[in-house]
Every structure is written in C-alpha cells, then in structure tokens.
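Chemist: Below is the file work.pdb, which contains PDB, C-alpha atoms.
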MODEL        1
ATOM      1  CA  ALA R   1     -63.270  -5.612  72.728
ATOM      2  CA  SER R   2     -63.234  -7.269  69.358
ATOM      3  CA  SER R   3     -65.439  -4.551  67.911
ATOM      4  CA  GLU R   4     -63.100  -1.880  69.301
ATOM      5  CA  TYR R   5     -60.109  -3.670  67.791
ATOM      6  CA  ALA R   6     -61.848  -3.871  64.445
ATOM      7  CA  GLN R   7     -62.656  -0.166  64.637
ATOM      8  CA  ARG R   8     -59.001   0.699  65.227
ATOM      9  CA  VAL R   9     -57.863  -1.513  62.360
ATOM     10  CA  ARG R  10     -60.364   0.226  60.130
ATOM     11  CA  GLU R  11     -59.118   3.650  61.240
ATOM     12  CA  LEU R  12     -55.491   2.555  60.613
ATOM     13  CA  ARG R  13     -56.392   1.337  57.131
ATOM     14  CA  ILE R  14     -58.180   4.600  56.379
ATOM     15  CA  THR R  15     -55.194   6.587  57.690
ATOM     16  CA  GLY R  16     -52.814   4.436  55.613
ATOM     17  CA  ALA R  17     -54.939   4.942  52.548
ATOM     18  CA  GLN R  18     -54.985   8.690  53.168
ATOM     19  CA  VAL R  19     -51.182   8.733  53.658
ATOM     20  CA  SER R  20     -50.726   6.671  50.521
ATOM     21  CA  ALA R  21     -53.012   8.978  48.575
ATOM     22  CA  ILE R  22     -51.207  12.058  49.922
ATOM     23  CA  SER R  23     -47.828  10.485  49.103
ATOM     24  CA  ASN R  24     -48.954   9.602  45.601
ATOM     25  CA  ASP R  25     -50.254  13.116  45.106
ATOM     26  CA  ALA R  26     -47.019  14.589  46.469
ATOM     27  CA  VAL R  27     -44.890  12.364  44.223
ATOM     28  CA  GLY R  28     -47.066  13.219  41.259
ATOM     29  CA  GLN R  29     -46.799  16.913  42.011
ATOM     30  CA  MET R  30     -43.042  16.633  42.453
ATOM     31  CA  THR R  31     -42.816  14.812  39.127
ATOM     32  CA  LEU R  32     -44.834  17.530  37.452
ATOM     33  CA  ASP R  33     -42.673  20.215  39.067
ATOM     34  CA  LEU R  34     -39.509  18.388  37.935
ATOM     35  CA  ASP R  35     -40.813  18.043  34.382
ATOM     36  CA  ASP R  36     -41.699  21.740  34.367
ATOM     37  CA  SER R  37     -38.229  22.639  35.664
ATOM     38  CA  LEU R  38     -36.593  20.459  33.023
ATOM     39  CA  ARG R  39     -38.745  22.076  30.370
ATOM     40  CA  ARG R  40     -37.696  25.507  31.592
ATOM     41  CA  LEU R  41     -34.037  24.460  31.629
ATOM     42  CA  ARG R  42     -34.346  23.161  28.081
ATOM     43  CA  LEU R  43     -35.946  26.420  27.007
ATOM     44  CA  VAL R  44     -33.210  28.412  28.776
ATOM     45  CA  GLY R  45     -30.533  26.230  27.158
ATOM     46  CA  LEU R  46     -32.169  26.644  23.772
ATOM     47  CA  ALA R  47     -32.405  30.401  24.258
ATOM     48  CA  LEU R  48     -28.771  30.616  25.372
ATOM     49  CA  GLY R  49     -27.758  28.485  22.406
ATOM     50  CA  LEU R  50     -29.621  30.775  20.024
ATOM     51  CA  ILE R  51     -28.103  33.834  21.670
ATOM     52  CA  GLY R  52     -24.632  32.297  21.447
ATOM     53  CA  ALA R  53     -25.146  31.375  17.791
ATOM     54  CA  LEU R  54     -26.432  34.861  16.998
ATOM     55  CA  ALA R  55     -23.463  36.388  18.855
ATOM     56  CA  ALA R  56     -21.051  34.177  16.923
ATOM     57  CA  ILE R  57     -22.682  35.102  13.617
ATOM     58  CA  ALA R  58     -22.646  38.795  14.524
ATOM     59  CA  MET R  59     -18.960  38.585  15.499
ATOM     60  CA  ALA R  60     -18.107  36.789  12.263
ATOM     61  CA  VAL R  61     -19.947  39.424  10.224
ATOM     62  CA  LEU R  62     -18.240  42.213  12.159
ATOM     63  CA  LEU R  63     -14.791  40.660  11.670
ATOM     64  CA  ARG R  64     -15.462  40.115   7.975
ATOM     65  CA  ARG R  65     -16.597  43.704   7.514
ATOM     66  CA  THR R  66     -13.583  44.986   9.456
ATOM     67  CA  ALA R  67     -11.195  42.848   7.402
ATOM     68  CA  ALA R  68     -12.849  43.991   4.171
ATOM     69  CA  LYS R  69     -12.624  47.623   5.267
ATOM     70  CA  GLN R  70      -8.956  47.259   6.193
ATOM     71  CA  ALA R  71      -8.227  45.477   2.917
ATOM     72  CA  LYS R  72      -9.961  48.273   1.017
ATOM     73  CA  GLN R  73      -8.010  50.920   2.934
ATOM     74  CA  PHE R  74      -4.745  49.067   2.294
ATOM     75  CA  GLY R  75      -5.585  48.717  -1.386
ATOM     76  CA  THR R  76      -6.326  52.441  -1.607
ATOM     77  CA  LEU R  77      -3.066  53.319   0.133
ATOM     78  CA  VAL R  78      -1.087  51.000  -2.142
ATOM     79  CA  HIS R  79      -2.815  52.352  -5.229
ATOM     80  CA  GLN R  80      -2.174  55.979  -4.274
ATOM     81  CA  SER R  81       1.348  55.399  -2.959
ATOM     82  CA  SER R  82       4.303  56.444  -5.098
ATOM     83  CA  ASP R  83       6.207  53.383  -3.847
ATOM     84  CA  LEU R  84       6.181  50.175  -5.846
ATOM     85  CA  ILE R  85       4.966  47.063  -4.017
ATOM     86  CA  THR R  86       6.226  43.952  -5.774
ATOM     87  CA  VAL R  87       6.151  40.273  -4.812
ATOM     88  CA  ILE R  88       8.758  38.108  -6.529
ATOM     89  CA  ASP R  89      10.292  34.668  -6.173
ATOM     90  CA  PRO R  90      14.033  34.393  -5.379
ATOM     91  CA  GLU R  91      14.833  34.364  -9.121
ATOM     92  CA  GLY R  92      12.968  37.611  -9.752
ATOM     93  CA  THR R  93       9.728  36.395 -11.338
ATOM     94  CA  VAL R  94       6.965  38.893 -10.526
ATOM     95  CA  ARG R  95       3.934  37.380  -8.782
ATOM     96  CA  TYR R  96       2.256  40.639  -7.808
ATOM     97  CA  GLN R  97       2.747  44.254  -8.820
ATOM     98  CA  SER R  98       0.958  47.285  -7.374
ATOM     99  CA  ALA R  99      -0.825  49.668  -9.741
ATOM    100  CA  SER R 100       1.527  52.500  -8.766
ATOM    101  CA  VAL R 101       4.031  51.095 -11.270
ATOM    102  CA  GLU R 102       2.012  52.802 -14.006
ATOM    103  CA  GLN R 103       2.727  56.194 -12.412
ATOM    104  CA  VAL R 104       6.410  55.539 -11.736
ATOM    105  CA  LEU R 105       7.525  53.476 -14.734
ATOM    106  CA  THR R 106       4.561  54.111 -17.097
ATOM    107  CA  ILE R 107       4.232  50.342 -17.491
ATOM    108  CA  PRO R 108       0.928  48.501 -16.824
ATOM    109  CA  ALA R 109       1.056  46.266 -13.751
ATOM    110  CA  SER R 110      -0.527  43.409 -15.708
ATOM    111  CA  LYS R 111       2.412  43.463 -18.123
ATOM    112  CA  LEU R 112       4.913  42.830 -15.322
ATOM    113  CA  VAL R 113       3.127  39.953 -13.586
ATOM    114  CA  GLY R 114       4.700  36.718 -14.767
ATOM    115  CA  SER R 115       7.779  38.442 -16.197
ATOM    116  CA  ASN R 116      11.219  38.641 -14.610
ATOM    117  CA  LEU R 117      12.071  41.870 -12.847
ATOM    118  CA  CYS R 118      15.709  41.494 -13.922
ATOM    119  CA  ASN R 119      14.590  42.399 -17.450
ATOM    120  CA  LEU R 120      13.998  45.964 -16.208
ATOM    121  CA  ILE R 121      17.125  46.224 -14.045
ATOM    122  CA  HIS R 122      20.310  47.689 -15.509
ATOM    123  CA  PRO R 123      22.646  44.819 -16.514
ATOM    124  CA  GLU R 124      25.403  46.165 -14.251
ATOM    125  CA  ASP R 125      23.062  46.080 -11.240
ATOM    126  CA  VAL R 126      21.444  42.661 -11.797
ATOM    127  CA  PRO R 127      24.127  40.640  -9.909
ATOM    128  CA  ARG R 128      23.775  42.884  -6.856
ATOM    129  CA  ALA R 129      19.981  42.490  -6.771
ATOM    130  CA  LEU R 130      20.099  38.712  -7.327
ATOM    131  CA  ALA R 131      22.687  38.334  -4.568
ATOM    132  CA  LEU R 132      20.420  40.084  -2.052
ATOM    133  CA  TRP R 133      17.350  38.059  -3.049
ATOM    134  CA  ALA R 134      19.247  34.770  -2.819
ATOM    135  CA  ASP R 135      20.600  35.698   0.605
ATOM    136  CA  LEU R 136      17.180  36.714   1.952
ATOM    137  CA  ALA R 137      15.587  33.534   0.596
ATOM    138  CA  GLN R 138      17.702  31.523   3.045
ATOM    139  CA  ARG R 139      16.528  33.548   6.071
ATOM    140  CA  PRO R 140      12.754  33.668   6.781
ATOM    141  CA  HIS R 141      11.445  37.146   7.635
ATOM    142  CA  ALA R 142      14.877  38.680   6.986
ATOM    143  CA  THR R 143      15.075  42.153   5.415
ATOM    144  CA  GLY R 144      17.640  43.952   3.298
ATOM    145  CA  ARG R 145      18.139  46.968   1.040
ATOM    146  CA  VAL R 146      19.637  47.382  -2.397
ATOM    147  CA  GLU R 147      19.971  50.262  -4.857
ATOM    148  CA  TYR R 148      19.809  49.732  -8.607
ATOM    149  CA  ARG R 149      18.552  51.248 -11.834
ATOM    150  CA  LEU R 150      15.166  50.455 -13.387
ATOM    151  CA  ARG R 151      14.237  51.102 -16.996
ATOM    152  CA  SER R 152      10.991  53.049 -17.379
ATOM    153  CA  GLY R 153       8.523  52.735 -20.211
ATOM    154  CA  ASP R 154      10.188  55.562 -22.185
ATOM    155  CA  GLY R 155      13.601  53.890 -21.970
ATOM    156  CA  SER R 156      15.115  56.220 -19.366
ATOM    157  CA  TRP R 157      16.787  54.872 -16.218
ATOM    158  CA  LEU R 158      15.499  55.583 -12.742
ATOM    159  CA  HIS R 159      17.643  55.144  -9.665
ATOM    160  CA  VAL R 160      15.608  53.207  -7.075
ATOM    161  CA  GLU R 161      16.043  51.685  -3.640
ATOM    162  CA  SER R 162      14.252  48.485  -2.646
ATOM    163  CA  ALA R 163      13.572  47.313   0.889
ATOM    164  CA  ALA R 164      13.091  43.543   0.560
ATOM    165  CA  THR R 165      11.441  41.215   3.101
ATOM    166  CA  ASN R 166      11.370  37.417   2.977
ATOM    167  CA  LEU R 167       7.733  36.257   3.311
ATOM    168  CA  LEU R 168       8.168  33.026   1.365
ATOM    169  CA  LEU R 169       6.738  30.985   4.271
ATOM    170  CA  ASP R 170       3.684  33.233   4.655
ATOM    171  CA  PRO R 171       0.851  31.340   2.869
ATOM    172  CA  THR R 172      -0.924  34.593   2.010
ATOM    173  CA  VAL R 173       2.189  36.029   0.297
ATOM    174  CA  GLY R 174       4.604  33.265  -0.625
ATOM    175  CA  GLY R 175       7.405  35.468  -1.950
ATOM    176  CA  LEU R 176       9.908  38.249  -1.413
ATOM    177  CA  VAL R 177       8.147  41.584  -0.903
ATOM    178  CA  LEU R 178       9.901  44.595  -2.438
ATOM    179  CA  ASN R 179       9.010  48.119  -1.359
ATOM    180  CA  THR R 180      10.718  50.174  -4.060
ATOM    181  CA  ARG R 181      11.132  53.960  -4.026
ATOM    182  CA  ASP R 182      12.321  56.292  -6.759
ATOM    183  CA  ILE R 183      15.491  58.017  -5.498
ATOM    184  CA  THR R 184      16.556  59.565  -8.812
ATOM    185  CA  GLU R 185      16.413  63.122  -7.459
ATOM    186  CA  ARG R 186      18.343  62.153  -4.359
ATOM    187  CA  HIS R 187      20.942  60.387  -6.500
ATOM    188  CA  GLU R 188      21.298  63.443  -8.735
ATOM    189  CA  VAL R 189      21.784  65.674  -5.688
ATOM    190  CA  GLU R 190      24.377  63.289  -4.273
ATOM    191  CA  GLU R 191      26.196  63.197  -7.621
ATOM    192  CA  ALA R 192      26.114  67.012  -7.815
ATOM    193  CA  ILE R 193      27.594  67.228  -4.310
ATOM    194  CA  LYS R 194      30.327  64.750  -5.265
ATOM    195  CA  LYS R 195      31.089  66.802  -8.383
ATOM    196  CA  LEU R 196      31.296  70.004  -6.338
ATOM    197  CA  GLN R 197      33.577  68.291  -3.837
ATOM    198  CA  ILE R 198      35.849  67.119  -6.655
ATOM    199  CA  GLU R 199      35.874  70.567  -8.244
ATOM    200  CA  ARG R 200      36.578  72.176  -4.859
ATOM    201  CA  GLY R 201      39.438  69.749  -4.312
ATOM    202  CA  GLN R 202      40.865  70.511  -7.740
ATOM    203  CA  LEU R 203      40.530  74.246  -7.115
ATOM    204  CA  LEU R 204      42.258  73.831  -3.765
ATOM    205  CA  ASP R 205      45.067  71.902  -5.431
ATOM    206  CA  ARG R 206      45.498  74.606  -8.076
ATOM    207  CA  THR R 207      45.472  77.274  -5.353
ATOM    208  CA  VAL R 208      48.139  75.426  -3.398
ATOM    209  CA  GLN R 209      50.264  74.984  -6.519
ATOM    210  CA  ALA R 210      49.913  78.641  -7.468
ATOM    211  CA  THR R 211      50.774  79.699  -3.931
ATOM    212  CA  GLU R 212      53.832  77.455  -3.925
ATOM    213  CA  GLN R 213      54.989  78.793  -7.293
ATOM    214  CA  GLU R 214      54.541  82.371  -6.112
ATOM    215  CA  ARG R 215      56.438  81.604  -2.926
ATOM    216  CA  LYS R 216      59.303  80.158  -4.909
ATOM    217  CA  ARG R 217      59.311  83.161  -7.268
ATOM    218  CA  ILE R 218      59.456  85.588  -4.367
ATOM    219  CA  ALA R 219      62.186  83.542  -2.709
ATOM    220  CA  VAL R 220      64.227  83.633  -5.886
ATOM    221  CA  GLU R 221      63.761  87.385  -6.234
ATOM    222  CA  LEU R 222      64.736  87.947  -2.612
ATOM    223  CA  HIS R 223      67.793  85.816  -3.043
ATOM    224  CA  ASP R 224      68.931  86.800  -6.516
ATOM    225  CA  GLY R 225      68.239  90.552  -6.243
ATOM    226  CA  PRO R 226      70.813  91.386  -3.536
ATOM    227  CA  VAL R 227      73.373  89.045  -5.073
ATOM    228  CA  GLN R 228      73.088  90.757  -8.457
ATOM    229  CA  ARG R 229      73.465  94.202  -6.849
ATOM    230  CA  LEU R 230      76.553  93.096  -4.894
ATOM    231  CA  THR R 231      78.046  91.631  -8.048
ATOM    232  CA  ALA R 232      77.440  94.910  -9.883
ATOM    233  CA  LEU R 233      79.179  96.878  -7.104
ATOM    234  CA  ASP R 234      82.164  94.575  -7.166
ATOM    235  CA  LEU R 235      82.518  95.060 -10.901
ATOM    236  CA  LYS R 236      82.616  98.834 -10.446
TER     237      LYS R 236
ENDMDL
END
Output the file's structure as structure tokens, nothing else.

Modeler:
Amino acid sequence: ASSEYAQRVRELRITGAQVSAISNDAVGQMTLDLDDSLRRLRLVGLALGLIGALAAIAMAVLLRRTAAKQAKQFGTLVHQSSDLITVIDPEGTVRYQSASVEQVLTIPASKLVGSNLCNLIHPEDVPRALALWADLAQRPHATGRVEYRLRSGDGSWLHVESAATNLLLDPTVGGLVLNTRDITERHEVEEAIKKLQIERGQLLDRTVQATEQERKRIAVELHDGPVQRLTALDLK
C-alpha cells in the first residue's frame, strides 16, 4: 500500500511538473506574442505618424503654391488694370501704390509711396476727400465713394472716382484702400449733356418769347386795323 501511495505521489509530482512546464511555456509564448503585437503596433503608429507628417507637409506645400499662384494672378491683374489701387492712412499718406499709376498719371509708383495723395488732388476737392477718409476711419470695413480731380504728370487734371474701404484693422493691409477710376470721358459727356440742356432751355425760352411777341403783334393788328378803318369812314 505504501509503495502504491508513493507511486501516485510520484505521478502527481510529474503531472504537476508537466503542468508547470506547459504553463511556463504558454506564458512565455503569450509574452512573446504580446511583445510582437506591441512591436507591430509601434511600427503601425510610426508608419501612420510618417504618413500624417508627409500629408501635412504636402498640404502645406500645396497651400503655399496655391497662395503664391493666387498672389501672382492678383499682381498681374492689378498691374494690367487701368484702375489705381492705393493704400493710404486717414491723412492721405500713400503706403502702397499699384504700378498702373504710371499708365494713368504717368507718375512712377515709387515716387508716390510715402508722399501725401492730397498733393495731387485739386485744392477745391481736397476737403471733400479728407472728409470721406476721416469718416471711414471711424467705421471698420465701411465703404464710400468720392469724385475729385487728380493732377497727372503733364500737369493736366483728370476727373476720377474713388471707392474707398476701411481696412485699417486688417494686419495685412493696415490702411484705407482706394480703387480709383478715370472718369474724365464720362465727366466730359455729362458736361456736354448739361450744356446741351442749358442751350435747349435757352432756345425754348427765346422761342416762347418770340411766339409771345408775335401773338401780341397780331393781336394789336387785329384790334387796331378795324378801329382805324372805322375812324376813316367816320371822317368821310
């Protein structure tokens, strides 16, 4: 009986050792599998990070190229436009002047930057322009229009109209933006129409006066003629 008991104890110890060995192997394998999974996750995270960084860089490059292209297109449009784009402070000091000023006023843009625009405006029109600029300066993003005369490089006066916008609070602009257009031809046409209207009115007045004088003359003849004939008959 004791030998049988000893045999069973031995078998139990062997079984326990086998279970322990299997458990240790299983735990070791699980640890290896976990380490491998963590390694794979790290690699996936690293790959995703690289992809994200590359995507961010590509997006930044694309945005920069797009912005540069748009800036180039805007610069080309401004350069070729017949309108004058001017940035001034509320007192009229020029901070930026588009190159189109050379075509319109025959004055280099570099000569205007830093000068006061009022020096080119007709003295009679300066108060009107300053009043608009001062008013707009008190109202962010407000717009307004004003007509005045600008002296060109040859000394002649051009009639212009400026659409002004207050962008003083915009850090990329920091001033009043003037979009100025030459309206000399339009002004001359308007003046010619006014002159024709005045001349037509004067002609109408002269016609009415002549008609009234003729009416009075005819009335006198109709009245005085029969009276004179009756008087002559009475005398006979």

Chemist: Per residue of region 139-210 of chain R within 10 Å of region 95-106 of chain R, what are the shortest atom pair and its distance in Å to one decimal, counting all atoms listed in the file, with rows by chain and residue number, as CSV?

Modeler:
residue,atom,partner,partner_atom,distance
R:Leu150,CA,R:Leu105,CA,8.3
R:Arg151,CA,R:Leu105,CA,7.5
R:Ser152,CA,R:Leu105,CA,4.4
R:Gly153,CA,R:Thr106,CA,5.2
R:Asp154,CA,R:Thr106,CA,7.7
R:Gly155,CA,R:Leu105,CA,9.5
R:Ser156,CA,R:Leu105,CA,9.3
R:Trp157,CA,R:Leu105,CA,9.5
R:Leu158,CA,R:Leu105,CA,8.5
R:Val173,CA,R:Tyr96,CA,9.3
R:Gly174,CA,R:Arg95,CA,9.2
R:Gly175,CA,R:Arg95,CA,7.9
R:Leu176,CA,R:Arg95,CA,9.5
R:Val177,CA,R:Tyr96,CA,9.1
R:Leu178,CA,R:Gln97,CA,9.6
R:Thr180,CA,R:Val101,CA,9.9
R:Arg181,CA,R:Val104,CA,9.2
R:Asp182,CA,R:Val104,CA,7.8

Chemist: Just give me the gap between CA of Gln202 (chain R) and CA of His159 (chain R) in Å, one decimal is fine.

Modeler: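 Those two atoms sit 27.9 Å apart.
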
Chemist: Could you give me, as a Markdown table, a per-residue list for region 144-165 of chain R showing, wherever an atom lies at most 12 Å from an atom of region 130-135 of chain R, the closest pair of atoms and their distance in Å to one decimal, using all atoms listed in the file and sorting by chain then residue number from low to high?

Modeler:
| residue | atom | partner | partner_atom | distance |
| --- | --- | --- | --- | --- |
| R:Gly144 | CA | R:Leu132 | CA | 7.2 |
| R:Arg145 | CA | R:Leu132 | CA | 7.9 |
| R:Val146 | CA | R:Leu132 | CA | 7.3 |
| R:Glu147 | CA | R:Leu132 | CA | 10.6 |
| R:Tyr148 | CA | R:Leu130 | CA | 11.1 |
| R:Ser162 | CA | R:Leu132 | CA | 10.4 |
| R:Ala163 | CA | R:Leu132 | CA | 10.4 |
| R:Ala164 | CA | R:Trp133 | CA | 7.8 |
| R:Thr165 | CA | R:Trp133 | CA | 9.1 |

Chemist: To box region 164-176 of chain R, take all atoms listed in the file, fit an axis-aligned box, add 5 Å on each side, and give centre and edge lengths in Å to one decimal, as lines of an AutoDock Vina configuration file.

Modeler:
center_x = 6.1
center_y = 37.3
center_z = 1.4
size_x = 24.0
size_y = 22.6
size_z = 16.6

Chemist: Can you tell me how far CA of Ile107 (chain R) sits from CA of Leu120 (chain R), in Å to one decimal?

Modeler: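 Between these atoms lies a distance of 10.8 Å.
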
Chemist: Give me, please, the distance in Å between CA of Pro90 (chain R) and CA of Pro127 (chain R), quoted to one decimal.

Modeler: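 Between these atoms lies a distance of 12.7 Å.
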
Chemist: Let me make sure I understand: among R:Pro108, R:Gly92, R:Pro140, R:Gly201, which one has the smallest atom-to-atom distance to Leu167 (chain R) if we use only C-alpha atoms?

Modeler: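 So, comparing all the options, the nearest one is R:Pro140.
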
Chemist: Here is a test: counting all atoms listed in the file, which residue of R:Arg139, R:Arg40, R:Arg149, R:Arg206 is nearest to Thr184 (chain R)?

Modeler: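 Of all the options, R:Arg149 lies closest to Thr184 (chain R).
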